[in-house]
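Asker: Here you go, this is work-v9.txt (compact mmCIF, C-alpha atoms).
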```txt
# COMPACT_ATOMS: atom_id res chain seq x y z
CA MET A 256 -5.23 -14.90 10.37
CA THR A 257 -2.92 -15.97 13.19
CA LYS A 258 -1.34 -12.89 14.68
CA THR A 259 2.22 -12.95 15.98
CA ARG A 260 3.04 -9.92 18.06
CA PHE A 261 5.81 -8.09 19.87
CA PRO A 262 6.63 -10.49 22.76
CA SER A 263 7.62 -13.25 20.34
CA LEU A 264 10.56 -11.13 19.20
CA LEU A 265 12.29 -12.32 22.35
CA SER A 266 12.49 -15.81 20.84
CA GLU A 267 15.40 -17.03 18.77
CA ALA A 268 15.84 -15.99 15.16
CA ALA A 269 14.98 -19.40 13.78
CA LYS A 270 11.33 -18.84 14.65
CA PRO A 271 8.87 -16.60 12.80
CA LEU A 272 9.38 -13.54 15.00
CA PHE A 273 7.37 -10.65 16.32
CA HIS A 274 5.00 -9.01 13.93
CA ARG A 275 4.87 -10.29 10.35
CA ARG A 276 6.74 -7.27 9.10
CA HIS A 277 10.01 -8.68 10.37
CA VAL A 278 10.66 -11.89 8.55
CA LEU A 279 9.94 -13.33 5.15
CA GLY A 280 10.79 -16.74 3.74
CA ALA A 281 11.36 -16.86 0.01
CA ALA A 282 12.62 -19.27 -2.60
CA LEU A 283 14.37 -18.17 -5.77
CA ALA A 284 12.37 -15.71 -7.81
CA ALA A 285 9.48 -17.27 -9.70
CA PRO A 286 8.42 -15.88 -13.06
CA ALA A 287 5.36 -13.68 -13.06
CA VAL A 288 2.17 -15.67 -13.56
CA PRO A 289 -1.49 -14.71 -13.68
CA ALA A 290 -2.90 -14.23 -10.20
CA LEU A 291 -4.37 -17.29 -8.54
CA ALA A 292 -6.45 -15.12 -6.24
CA GLN A 293 -8.21 -12.08 -7.64
CA PHE A 294 -9.87 -9.33 -5.68
CA ARG A 295 -13.10 -7.42 -6.01
CA VAL A 296 -13.67 -4.02 -4.51
CA GLU A 297 -16.39 -3.57 -1.90
CA ILE A 298 -16.81 0.06 -0.84
CA HIS A 299 -18.73 1.27 2.18
CA GLY A 300 -19.04 4.46 4.18
CA VAL A 301 -19.99 8.04 3.41
CA GLY A 302 -17.73 11.07 3.46
CA ILE A 303 -18.74 14.55 4.57
CA ARG A 304 -18.25 16.17 1.15
CA GLN A 305 -18.04 14.09 -2.01
CA ILE A 306 -17.90 15.44 -5.55
CA PRO A 307 -20.74 14.11 -7.74
CA ILE A 308 -19.49 12.73 -11.06
CA ALA A 309 -21.29 10.89 -13.86
CA LEU A 310 -19.40 7.99 -15.40
CA PRO A 311 -21.55 6.44 -18.15
CA LYS A 312 -20.30 3.37 -20.00
CA PHE A 313 -17.67 4.05 -22.62
CA ARG A 314 -18.97 3.40 -26.12
CA GLY A 315 -17.86 -0.08 -27.19
CA GLU A 316 -17.09 -1.09 -23.63
CA ASP A 317 -19.46 -4.07 -23.68
CA ALA A 318 -17.09 -5.81 -26.11
CA SER A 319 -14.03 -5.06 -23.96
CA PRO A 320 -12.66 -7.64 -21.49
CA GLN A 321 -12.23 -4.81 -18.96
CA LYS A 322 -15.07 -2.44 -18.12
CA ILE A 323 -13.13 0.80 -18.07
CA SER A 324 -15.87 3.04 -16.67
CA ALA A 325 -16.57 0.63 -13.78
CA ILE A 326 -12.88 0.50 -12.81
CA VAL A 327 -12.65 4.31 -12.93
CA GLN A 328 -15.80 4.64 -10.83
CA ALA A 329 -14.48 2.23 -8.18
CA ASP A 330 -11.15 4.08 -8.07
CA LEU A 331 -12.76 7.46 -7.54
CA ILE A 332 -15.21 6.24 -4.90
CA ARG A 333 -12.43 4.50 -3.02
CA SER A 334 -10.59 7.82 -2.78
CA GLY A 335 -13.38 9.10 -0.54
CA LEU A 336 -13.70 12.34 -2.53
CA PHE A 337 -16.24 11.34 -5.20
CA LYS A 338 -19.72 9.87 -5.44
CA PRO A 339 -21.28 8.55 -8.66
CA VAL A 340 -24.36 10.03 -10.29
CA ASP A 341 -26.61 7.40 -11.85
CA ALA A 342 -25.62 6.98 -15.51
CA SER A 343 -27.16 3.55 -16.15
CA GLY A 344 -28.38 3.00 -19.68
CA GLU A 345 -26.07 5.64 -21.12
CA GLN A 346 -23.12 5.13 -23.47
CA LEU A 347 -21.23 8.23 -24.54
CA ASP A 348 -17.94 8.76 -26.32
CA GLU A 349 -15.37 11.52 -26.47
CA SER A 350 -16.03 12.61 -30.04
CA SER A 351 -19.08 14.83 -29.52
CA ARG A 352 -20.14 17.47 -27.05
CA PRO A 353 -22.47 15.97 -24.44
CA ASP A 354 -25.60 17.68 -23.12
CA VAL A 355 -23.88 18.90 -19.98
CA ALA A 356 -26.99 20.77 -18.84
CA LYS A 357 -28.80 17.44 -18.60
CA TRP A 358 -26.07 15.99 -16.41
CA SER A 359 -25.84 19.10 -14.28
CA ALA A 360 -29.60 18.93 -13.72
CA ALA A 361 -29.14 15.31 -12.62
CA GLY A 362 -26.74 16.50 -9.93
CA ALA A 363 -23.41 15.83 -11.63
CA GLU A 364 -20.66 18.40 -11.33
CA TYR A 365 -18.39 16.47 -13.71
CA LEU A 366 -18.86 14.00 -16.55
CA SER A 367 -16.40 11.50 -18.02
CA VAL A 368 -17.09 9.98 -21.45
CA GLY A 369 -15.06 7.76 -23.75
CA SER A 370 -14.75 4.81 -26.09
CA VAL A 371 -13.03 1.44 -26.31
CA THR A 372 -12.21 0.05 -29.77
CA ARG A 373 -10.41 -3.15 -30.69
CA GLY A 374 -7.40 -2.33 -32.84
CA ALA A 375 -4.84 -4.31 -34.81
CA ASN A 376 -2.54 -4.82 -31.83
CA GLY A 377 -4.92 -4.50 -28.92
CA PHE A 378 -7.32 -1.74 -27.94
CA ASP A 379 -7.69 1.98 -28.49
CA VAL A 380 -9.07 3.80 -25.45
CA ARG A 381 -10.09 7.46 -25.53
CA PHE A 382 -11.82 9.65 -22.99
CA ARG A 383 -12.70 13.24 -22.19
CA LEU A 384 -13.64 15.02 -18.97
CA TRP A 385 -16.28 17.75 -18.78
CA ASP A 386 -17.21 20.29 -16.13
CA ALA A 387 -20.99 19.79 -16.18
CA VAL A 388 -21.67 23.01 -14.24
CA LYS A 389 -19.58 25.35 -16.42
CA GLY A 390 -19.95 23.34 -19.61
CA ALA A 391 -16.15 23.38 -19.94
CA ASP A 392 -14.04 20.79 -21.73
CA MET A 393 -11.31 19.70 -19.25
CA GLY A 394 -9.29 17.71 -21.77
CA GLY A 395 -8.73 14.01 -22.25
CA GLN A 396 -6.29 11.31 -23.27
CA SER A 397 -5.97 8.42 -25.71
CA TYR A 398 -4.12 5.11 -25.45
CA SER A 399 -3.29 2.23 -27.77
CA VAL A 400 -2.47 -0.75 -25.59
CA PRO A 401 -2.46 -4.56 -25.54
CA GLN A 402 -5.32 -6.23 -23.71
CA ALA A 403 -3.11 -6.86 -20.67
CA ASP A 404 -2.78 -3.09 -20.08
CA LEU A 405 -6.47 -2.18 -20.13
CA ARG A 406 -6.72 -2.06 -16.34
CA LEU A 407 -3.64 0.16 -16.18
CA VAL A 408 -5.26 2.51 -18.70
CA ALA A 409 -8.39 2.68 -16.54
CA HIS A 410 -6.26 3.59 -13.51
CA LYS A 411 -4.45 6.27 -15.53
CA ILE A 412 -7.80 7.75 -16.53
CA SER A 413 -8.76 7.81 -12.85
CA ASP A 414 -5.49 9.60 -12.07
CA TYR A 415 -6.19 12.19 -14.77
CA ILE A 416 -9.71 12.88 -13.51
CA TYR A 417 -8.59 13.04 -9.88
CA GLU A 418 -5.78 15.49 -10.60
CA LYS A 419 -7.83 17.73 -12.92
CA ILE A 420 -10.59 18.10 -10.33
CA THR A 421 -8.64 18.16 -7.05
CA GLY A 422 -5.30 19.56 -8.15
CA GLU A 423 -3.53 16.63 -6.49
CA LYS A 424 -1.84 13.69 -8.16
CA GLY A 425 -3.85 10.48 -8.25
CA VAL A 426 -2.51 7.16 -6.92
CA PHE A 427 -4.65 4.68 -8.83
CA SER A 428 -1.90 3.55 -11.23
CA THR A 429 0.48 2.79 -8.36
CA ARG A 430 1.04 -0.75 -7.05
CA ILE A 431 0.85 -2.59 -3.77
CA ALA A 432 2.80 -5.61 -2.55
CA TYR A 433 1.43 -8.12 -0.07
CA VAL A 434 1.89 -11.70 1.07
CA THR A 435 -0.53 -14.61 1.19
CA LYS A 436 -0.25 -17.96 2.92
CA ALA A 437 -2.36 -20.75 1.44
CA GLY A 438 -1.65 -24.14 3.01
CA PRO A 439 2.13 -24.54 3.19
CA ARG A 440 2.77 -22.03 0.39
CA TYR A 441 3.74 -18.40 0.87
CA THR A 442 3.50 -16.01 -2.07
CA LEU A 443 4.63 -12.42 -2.50
CA TRP A 444 2.27 -10.58 -4.85
CA VAL A 445 2.57 -7.32 -6.74
CA ALA A 446 -0.85 -5.92 -7.67
CA ASP A 447 -2.69 -2.85 -8.85
CA SER A 448 -3.66 -0.36 -6.15
CA ASP A 449 -7.14 -1.93 -6.03
CA GLY A 450 -5.69 -5.41 -5.43
CA GLU A 451 -6.54 -6.67 -8.90
CA ASN A 452 -4.15 -7.93 -11.58
CA ALA A 453 -1.92 -9.58 -8.96
CA GLN A 454 1.30 -11.17 -10.20
CA SER A 455 3.48 -13.55 -8.22
CA ALA A 456 6.91 -12.07 -7.53
CA LEU A 457 8.18 -15.10 -5.60
CA ALA A 458 6.87 -18.15 -3.77
CA SER A 459 8.20 -20.43 -1.05
CA PRO A 460 7.25 -23.16 1.39
CA GLU A 461 8.87 -20.95 4.04
CA PRO A 462 7.21 -17.85 5.56
CA ILE A 463 7.16 -14.64 3.51
CA ILE A 464 6.82 -11.29 5.25
CA SER A 465 8.26 -7.73 5.31
CA PRO A 466 7.99 -6.61 1.68
CA THR A 467 8.80 -2.93 1.36
CA TRP A 468 9.04 -0.90 -1.85
CA SER A 469 12.11 1.06 -2.86
CA PRO A 470 11.52 4.79 -3.42
CA ALA A 471 11.74 4.29 -7.19
CA GLY A 472 9.19 1.47 -7.12
CA THR A 473 11.48 -0.94 -8.98
CA GLN A 474 12.65 -3.11 -6.07
CA LEU A 475 11.29 -4.80 -2.97
CA ALA A 476 13.33 -5.45 0.15
CA TYR A 477 12.26 -8.45 2.21
CA VAL A 478 13.49 -11.04 4.68
CA SER A 479 13.91 -14.68 3.72
CA PHE A 480 13.82 -17.76 5.94
CA GLU A 481 15.01 -20.12 3.24
CA SER A 482 18.33 -20.49 5.11
CA ARG A 483 16.42 -21.38 8.29
CA LYS A 484 17.19 -17.93 9.67
CA PRO A 485 15.98 -14.45 8.75
CA VAL A 486 18.07 -12.90 5.97
CA VAL A 487 17.48 -9.59 4.15
CA TYR A 488 17.33 -9.48 0.34
CA VAL A 489 16.56 -6.83 -2.26
CA HIS A 490 14.52 -8.10 -5.20
CA GLU A 491 14.18 -6.46 -8.64
CA VAL A 492 10.51 -6.70 -9.50
CA SER A 493 10.82 -6.65 -13.30
CA SER A 494 13.58 -9.27 -13.63
CA GLY A 495 13.23 -11.35 -10.46
CA ARG A 496 16.95 -10.90 -9.75
CA ARG A 497 17.89 -10.34 -6.14
CA ARG A 498 20.90 -9.56 -4.01
CA LEU A 499 21.76 -10.51 -0.45
CA ILE A 500 21.95 -7.50 1.87
CA ALA A 501 22.19 -8.81 5.44
CA ASN A 502 23.13 -12.33 6.53
CA PHE A 503 24.93 -11.73 9.80
CA ARG A 504 25.01 -13.89 12.90
CA GLY A 505 21.58 -14.10 14.51
CA SER A 506 18.49 -12.37 13.13
CA ASN A 507 18.45 -9.99 10.17
CA SER A 508 15.05 -8.39 9.80
CA ALA A 509 12.67 -5.44 9.24
CA PRO A 510 14.20 -3.63 6.24
CA ALA A 511 13.18 -0.03 5.56
CA TRP A 512 14.38 2.18 2.69
CA SER A 513 15.78 5.66 3.11
CA PRO A 514 13.97 8.21 0.91
CA ASP A 515 16.88 8.42 -1.54
CA GLY A 516 17.13 4.63 -1.84
CA SER A 517 20.80 4.53 -0.87
CA THR A 518 20.35 2.97 2.58
CA LEU A 519 18.31 0.36 4.40
CA ALA A 520 17.54 0.50 8.09
CA VAL A 521 17.43 -3.04 9.51
CA THR A 522 17.10 -4.84 12.82
CA LEU A 523 20.06 -7.10 13.64
CA SER A 524 20.90 -9.23 16.66
CA ARG A 525 24.54 -9.82 15.65
CA ASP A 526 25.86 -7.99 18.70
CA GLY A 527 23.28 -9.31 21.15
CA GLY A 528 19.65 -8.19 21.41
CA SER A 529 17.64 -6.74 18.54
CA GLN A 530 19.05 -3.34 17.62
CA LEU A 531 18.81 -0.84 14.77
CA TYR A 532 21.48 -0.52 12.10
CA THR A 533 21.79 1.13 8.71
CA ILE A 534 23.40 -0.60 5.76
CA PRO A 535 24.01 0.47 2.13
CA SER A 536 21.21 -0.82 -0.11
CA SER A 537 23.90 -2.30 -2.33
CA GLY A 538 25.26 -4.27 0.64
CA GLY A 539 28.18 -3.64 2.94
CA GLU A 540 29.03 -3.26 6.60
CA PRO A 541 26.16 -2.16 8.87
CA ARG A 542 26.42 0.82 11.20
CA ARG A 543 24.72 0.70 14.58
CA LEU A 544 22.42 3.65 15.27
CA MET A 545 22.42 3.64 19.07
CA GLN A 546 22.82 1.57 22.21
CA SER A 547 19.71 0.23 23.90
CA SER A 548 18.99 -2.29 26.60
CA GLY A 549 15.61 -3.05 25.06
CA ILE A 550 14.35 -4.44 21.76
CA ASP A 551 14.47 -1.87 18.95
CA THR A 552 12.78 -2.88 15.72
CA GLU A 553 10.34 -2.00 12.90
CA PRO A 554 12.26 1.02 11.61
CA THR A 555 10.71 3.36 9.05
CA TYR A 556 12.16 6.59 7.70
CA SER A 557 10.40 9.92 7.76
CA LYS A 558 9.91 11.05 4.19
CA ASP A 559 12.41 13.90 4.54
CA GLY A 560 15.04 11.39 5.68
CA ARG A 561 15.75 13.21 8.96
CA TYR A 562 14.34 10.60 11.34
CA ILE A 563 13.84 6.89 11.76
CA TYR A 564 10.69 5.91 13.62
CA PHE A 565 10.79 2.53 15.33
CA VAL A 566 9.26 0.30 18.01
CA SER A 567 10.98 -0.35 21.32
CA ASP A 568 10.13 -1.91 24.67
CA ARG A 569 12.82 0.15 26.43
CA GLY A 570 10.10 1.67 28.61
CA GLY A 571 8.66 -1.72 29.58
CA ALA A 572 6.09 -2.15 26.78
CA PRO A 573 6.14 -1.63 23.00
CA GLN A 574 5.88 2.04 22.04
CA ILE A 575 6.89 4.07 19.00
CA TYR A 576 10.00 6.26 19.18
CA ARG A 577 12.09 8.21 16.73
CA VAL A 578 15.81 8.86 16.42
CA GLY A 579 17.90 10.94 14.03
CA ALA A 580 18.77 9.08 10.85
CA GLN A 581 22.44 9.29 11.83
CA GLY A 582 21.77 8.15 15.41
CA GLY A 583 21.55 9.99 18.72
CA ASN A 584 19.02 10.02 21.51
CA ALA A 585 15.63 8.43 21.00
CA GLU A 586 12.42 10.42 21.54
CA ARG A 587 9.16 8.71 22.47
CA VAL A 588 6.27 9.47 20.10
CA THR A 589 3.24 7.45 21.28
CA PHE A 590 1.76 7.87 24.75
CA SER A 591 -1.85 6.87 24.17
CA GLY A 592 -2.24 3.14 24.83
CA SER A 593 0.10 0.64 26.44
CA TYR A 594 1.06 -1.34 23.31
CA ASN A 595 1.79 0.39 19.98
CA ILE A 596 3.60 -1.13 16.99
CA SER A 597 4.00 -1.00 13.18
CA PRO A 598 4.65 2.71 12.52
CA SER A 599 4.06 4.18 9.05
CA ILE A 600 4.69 7.84 8.22
CA SER A 601 2.65 9.60 5.55
CA PRO A 602 4.64 10.94 2.58
CA ASP A 603 3.65 14.51 3.49
CA GLY A 604 5.13 13.98 6.97
CA LYS A 605 1.94 15.00 8.77
CA THR A 606 0.49 11.69 9.97
CA LEU A 607 1.64 8.57 11.79
CA ALA A 608 -0.36 5.37 11.31
CA TYR A 609 0.23 2.47 13.68
CA ILE A 610 -1.39 -0.53 15.37
CA THR A 611 -2.49 -0.42 18.99
CA ARG A 612 -3.66 -3.25 21.21
CA ALA A 613 -7.07 -2.41 22.64
CA GLY A 614 -9.73 -4.61 24.23
CA GLY A 615 -7.86 -7.77 23.34
CA GLY A 616 -7.64 -6.82 19.66
CA TYR A 617 -5.38 -4.85 17.36
CA LYS A 618 -6.68 -1.65 15.78
CA LEU A 619 -5.41 0.88 13.27
CA GLN A 620 -4.77 4.35 14.71
CA VAL A 621 -3.71 7.61 13.11
CA MET A 622 -1.86 10.41 14.88
CA ASP A 623 -1.61 13.99 13.70
CA LEU A 624 2.08 14.60 14.36
CA ALA A 625 1.69 18.36 14.84
CA SER A 626 -0.92 18.07 17.60
CA SER A 627 -0.32 14.46 18.77
CA THR A 628 -4.09 13.91 18.40
CA VAL A 629 -4.89 10.20 17.98
CA SER A 630 -7.94 8.77 16.22
CA SER A 631 -9.14 5.20 15.75
CA VAL A 632 -10.31 4.68 12.18
CA THR A 633 -11.54 1.07 12.09
CA ASP A 634 -14.15 -1.06 13.80
CA THR A 635 -12.23 -4.29 13.23
CA SER A 636 -9.91 -5.89 15.81
CA SER A 637 -7.30 -7.79 13.78
CA ASP A 638 -5.66 -4.92 11.92
CA GLU A 639 -2.00 -5.01 10.91
CA SER A 640 0.67 -3.46 8.70
CA PRO A 641 -0.63 0.00 7.73
CA SER A 642 0.98 1.67 4.72
CA PHE A 643 0.21 5.07 3.20
CA ALA A 644 -0.65 5.81 -0.41
CA PRO A 645 1.91 8.14 -1.99
CA ASN A 646 -0.55 11.08 -1.83
CA SER A 647 -0.96 10.56 1.97
CA ARG A 648 -4.78 10.39 1.69
CA LEU A 649 -5.35 6.63 1.95
CA ILE A 650 -3.96 3.79 4.06
CA VAL A 651 -3.86 0.14 3.07
CA TYR A 652 -3.80 -2.49 5.82
CA ALA A 653 -4.58 -6.14 6.42
CA THR A 654 -7.39 -7.24 8.71
CA ARG A 655 -10.17 -9.72 9.26
CA GLU A 656 -13.72 -8.56 8.59
CA GLY A 657 -16.93 -10.54 8.46
CA GLY A 658 -15.02 -13.74 9.15
CA ARG A 659 -12.76 -13.30 6.10
CA GLU A 660 -9.18 -12.23 5.58
CA ALA A 661 -8.96 -8.96 3.68
CA LEU A 662 -6.89 -6.11 2.43
CA MET A 663 -8.58 -2.80 3.17
CA THR A 664 -8.03 0.80 2.28
CA THR A 665 -9.35 3.63 4.41
CA THR A 666 -9.42 7.38 4.27
CA LEU A 667 -7.63 9.04 7.16
CA ASP A 668 -10.92 9.87 8.86
CA GLY A 669 -12.10 6.27 8.51
CA LYS A 670 -15.29 7.34 6.72
CA ILE A 671 -14.66 5.55 3.42
CA LYS A 672 -13.26 2.02 3.36
CA ALA A 673 -12.74 -0.37 0.46
CA ARG A 674 -12.38 -4.10 0.88
CA LEU A 675 -10.04 -5.87 -1.52
CA ALA A 676 -11.41 -9.32 -0.80
CA GLY A 677 -9.13 -12.32 -1.36
CA GLN A 678 -10.74 -15.59 -2.36
CA SER A 679 -8.49 -17.71 -0.16
CA GLY A 680 -5.43 -17.65 2.02
CA ASP A 681 -4.12 -15.63 4.93
CA ILE A 682 -3.46 -12.10 3.62
CA ARG A 683 -0.55 -10.27 5.21
CA GLU A 684 1.64 -7.21 5.20
CA PRO A 685 0.60 -4.88 2.42
CA ASP A 686 2.98 -2.13 1.37
CA TRP A 687 1.86 0.68 -0.97
CA GLY A 688 4.38 1.53 -3.64
CA PRO A 689 5.42 5.01 -4.84
CA TYR A 690 4.22 6.94 -7.85
CA GLN A 691 5.17 5.34 -11.15
CA PRO A 692 6.95 7.36 -13.86
```
Let's see the structure in the file written out as structure tokens.

Answerer:
Amino acid sequence: MTKTRFPSLLSEAAKPLFHRRHVLGAALAAPAVPALAQFRVEIHGVGIRQIPIALPKFRGEDASPQKISAIVQADLIRSGLFKPVDASGEQLDESSRPDVAKWSAAGAEYLSVGSVTRGANGFDVRFRLWDAVKGADMGGQSYSVPQADLRLVAHKISDYIYEKITGEKGVFSTRIAYVTKAGPRYTLWVADSDGENAQSALASPEPIISPTWSPAGTQLAYVSFESRKPVVYVHEVSSGRRRLIANFRGSNSAPAWSPDGSTLAVTLSRDGGSQLYTIPSSGGEPRRLMQSSGIDTEPTYSKDGRYIYFVSDRGGAPQIYRVGAQGGNAERVTFSGSYNISPSISPDGKTLAYITRAGGGYKLQVMDLASSTVSSVTDTSSDESPSFAPNSRLIVYATREGGREALMTTTLDGKIKARLAGQSGDIREPDWGPYQP
């Protein structure tokens, strides 16, 4: 993965600028097609406290094209909060009461059982969750879906289990967007939260970067180079329709949605230098946020909409600042390290994730915003583009590990990581979408 970093933003807009988050080349929307590059989940690391859960095979699962229990198990492990209890050789369904004492004796605190049956128009999937310690039935769900939705059903089961046990909403049925470059071809993908089931949203011989989800999860903003200059578009994921948002003189880059979806923050050089503006997400005249003698770029809104965090070299080197969403004086946020870029704010407003240059490499950092305590959470050195899950507990980012390009997720303490391993291509700029209705 060839990294392009902050100093290159000083070049002219016709070049692929700065960090990949700024510019994206795209042709007209391509229809969704089956993914050319699938991912498999590789999980490593051990958390301090993980909830033991038994996830035996669903009855009838062997005849299903998707192994529901395996997908659920991978989801829960990737969250960092669960560990599986050996259930090999078992197949249980939701229709009878299991011997919960047996599973409790085996170390399981919870047990998930279910069935998969081929129906007239697809598959019927049913499951039930049990508290193996109390012997309590925690409810279940049933679905009748076409084959194409079996993975989504598995993720919804994971969400149900996660929420019933933790009291927090699960994120497994959400989506991520990311970009790959394979040869001369750039592709923008929309995939499940585990990287599987990827569908092509658009493809181009020009660079593709900067995808960012709208708050409703129905649109992606991005920057296109198809006009031989960076131009901002908004793209409807379901239909492939798009609208032009910013095509002003010079560079138009780095779109970021306001929490209510009404506004985009963008970086424009129309008035000289790269500066921050806001513009209606339906298009219109941009409004400059502030005056700066430096480069201001990579805006991202705080989730309450009060602030815009951004990167600037106004102090001599790239650091992260914030400014009121309506403008005003900028306040510096990062002081640890001499080169900090790519800010991402957790949905709960408590944590800042960003990339720092250290030892000749680029590493993912997290900052507790209340205490300004900074932690390094990876042992790789080519990290880029962090993005939080909508429950604030996981971060997705791109990196290079073991000589291969990869998407990774990590818990905030860095103890549990999952590799979403691409088969080929340079993997770039993941963005984690919001909860789905």

Asker: With 10 Å as the threshold, what does the neighbourhood of (2.3, -20.0, 3.0) contain in terms of residues, counting only C-alpha atoms? Coordinates are those of the file; answer as a list in words.

Answerer: Gly280, Val434, Thr435, Lys436, Ala437, Gly438, Pro439, Arg440, Tyr441, Thr442, Leu443, Ala458, Ser459, Pro460, Glu461, Pro462, Ile463, Gly680, Asp681 and Ile682 of chain A

Asker: Please, what distance in Å, to one decimal, runs between atom CA of A:Asp404 and atom CA of A:Thr666?

Answerer: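 Separation of atom CA of A:Asp404 and atom CA of A:Thr666: 27.3 Å.
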
Asker: Point out the residue among A:Thr633, A:Val651, A:Tyr690, A:Ser465 with the least atom-to-atom distance to A:Gly425, counting all atoms listed in the file.

Answerer: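 The shortest atom-to-atom distance to A:Gly425 comes from A:Tyr690.
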
Asker: Can you list, as number ranges by chain, every protein, DNA or RNA residue that comes within 8 Å of stretch 329-343 of chain A when you count all atoms listed in the file, leaving out same-chain residues fewer than 5 positions away?

Answerer: A: 296, 298, 301-302, 304-312, 361-363, 410, 413, 417, 427, 449, 648-649, 664, 666, 670-673

Asker: For atom CA of A:Ser508 and atom CA of A:Gly604, quote the distance in Å rounded to one decimal.

Answerer: 24.6 Å

Asker: One decimal, Å: what's the distance from atom CA of A:Ile326 over to atom CA of A:Pro470, could you say?

Answerer: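 Atom CA of A:Pro470 lies at a distance of 26.5 Å from atom CA of A:Ile326.
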
Asker: Write out as a short mmCIF file (atom, residue, chain, number, x, y, z; two decimals) with C-alpha atoms, in the frame of the given file which residues come within 7 Å of A:Tyr398 when counting only C-alpha atoms, dropping same-chain ones fewer than 5 positions away.

Answerer:
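This went into part.cif:
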```
data_model
loop_
_atom_site.label_atom_id
_atom_site.label_comp_id
_atom_site.auth_asym_id
_atom_site.auth_seq_id
_atom_site.Cartn_x
_atom_site.Cartn_y
_atom_site.Cartn_z
CA ASP A 379 -7.69 1.98 -28.49
CA VAL A 380 -9.07 3.80 -25.45
CA ARG A 381 -10.09 7.46 -25.53
#
```

Asker: Determine the axis-aligned bounding box of all atoms of stretch 543-554 of chain A present in the file, pad each side by 3 Å, and express its centre and edge lengths in Å to one decimal place as lines of an AutoDock Vina configuration file.

Answerer:
```
center_x = 17.5
center_y = -0.4
center_z = 19.1
size_x = 20.4
size_y = 14.1
size_z = 21.0
```

Asker: Applying 9 Å and only C-alpha atoms, which residues near A:Pro573 remain after dropping the ones on its own chain fewer than 4 positions away? List them as a list in words.

Answerer: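 Non-adjacent residues within range: Phe261, Pro262, Ile550, Val566, Ser567, Asp568, Arg569, Ser593, Tyr594, Asn595 and Ile596 of chain A.
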
Asker: Excluding A:Gly516 and residues on its chain fewer than 5 positions from it, collect all residues at most 8 Å away from it, counting all atoms listed in the file, and give them as a list in words.

Answerer: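 With the cut-off at 8 Å, the set is Ser469, Pro470, Ala471 and Ser536 of chain A.
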
Asker: Using only C-alpha atoms, which of A:Gly528, A:Ile534, A:Leu366, A:Leu457 sits nearest A:Arg497?

Answerer: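 When distances to A:Arg497 are compared using only C-alpha atoms, the smallest one comes from A:Leu457.
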
Asker: Which residues come within 7 Å of stretch 654-658 of chain A, counting all atoms listed in the file, excluding same-chain residues fewer than 5 positions away, as a PDB file with C-alpha atoms, keeping the file's coordinate frame?

Answerer:
```pdb
ATOM      1  CA  THR A 635     -12.230  -4.290  13.230  1.00  0.00           C
ATOM      2  CA  SER A 637      -7.300  -7.790  13.780  1.00  0.00           C
ATOM      3  CA  ASP A 638      -5.660  -4.920  11.920  1.00  0.00           C
ATOM      4  CA  GLU A 639      -2.000  -5.010  10.910  1.00  0.00           C
TER       5      GLU A 639
END
```

Asker: Point out the residue among A:Gly527, A:Gln454, A:Val408, A:Asp354 with the least atom-to-atom distance to A:Phe378, counting all atoms listed in the file.

Answerer: A:Val408
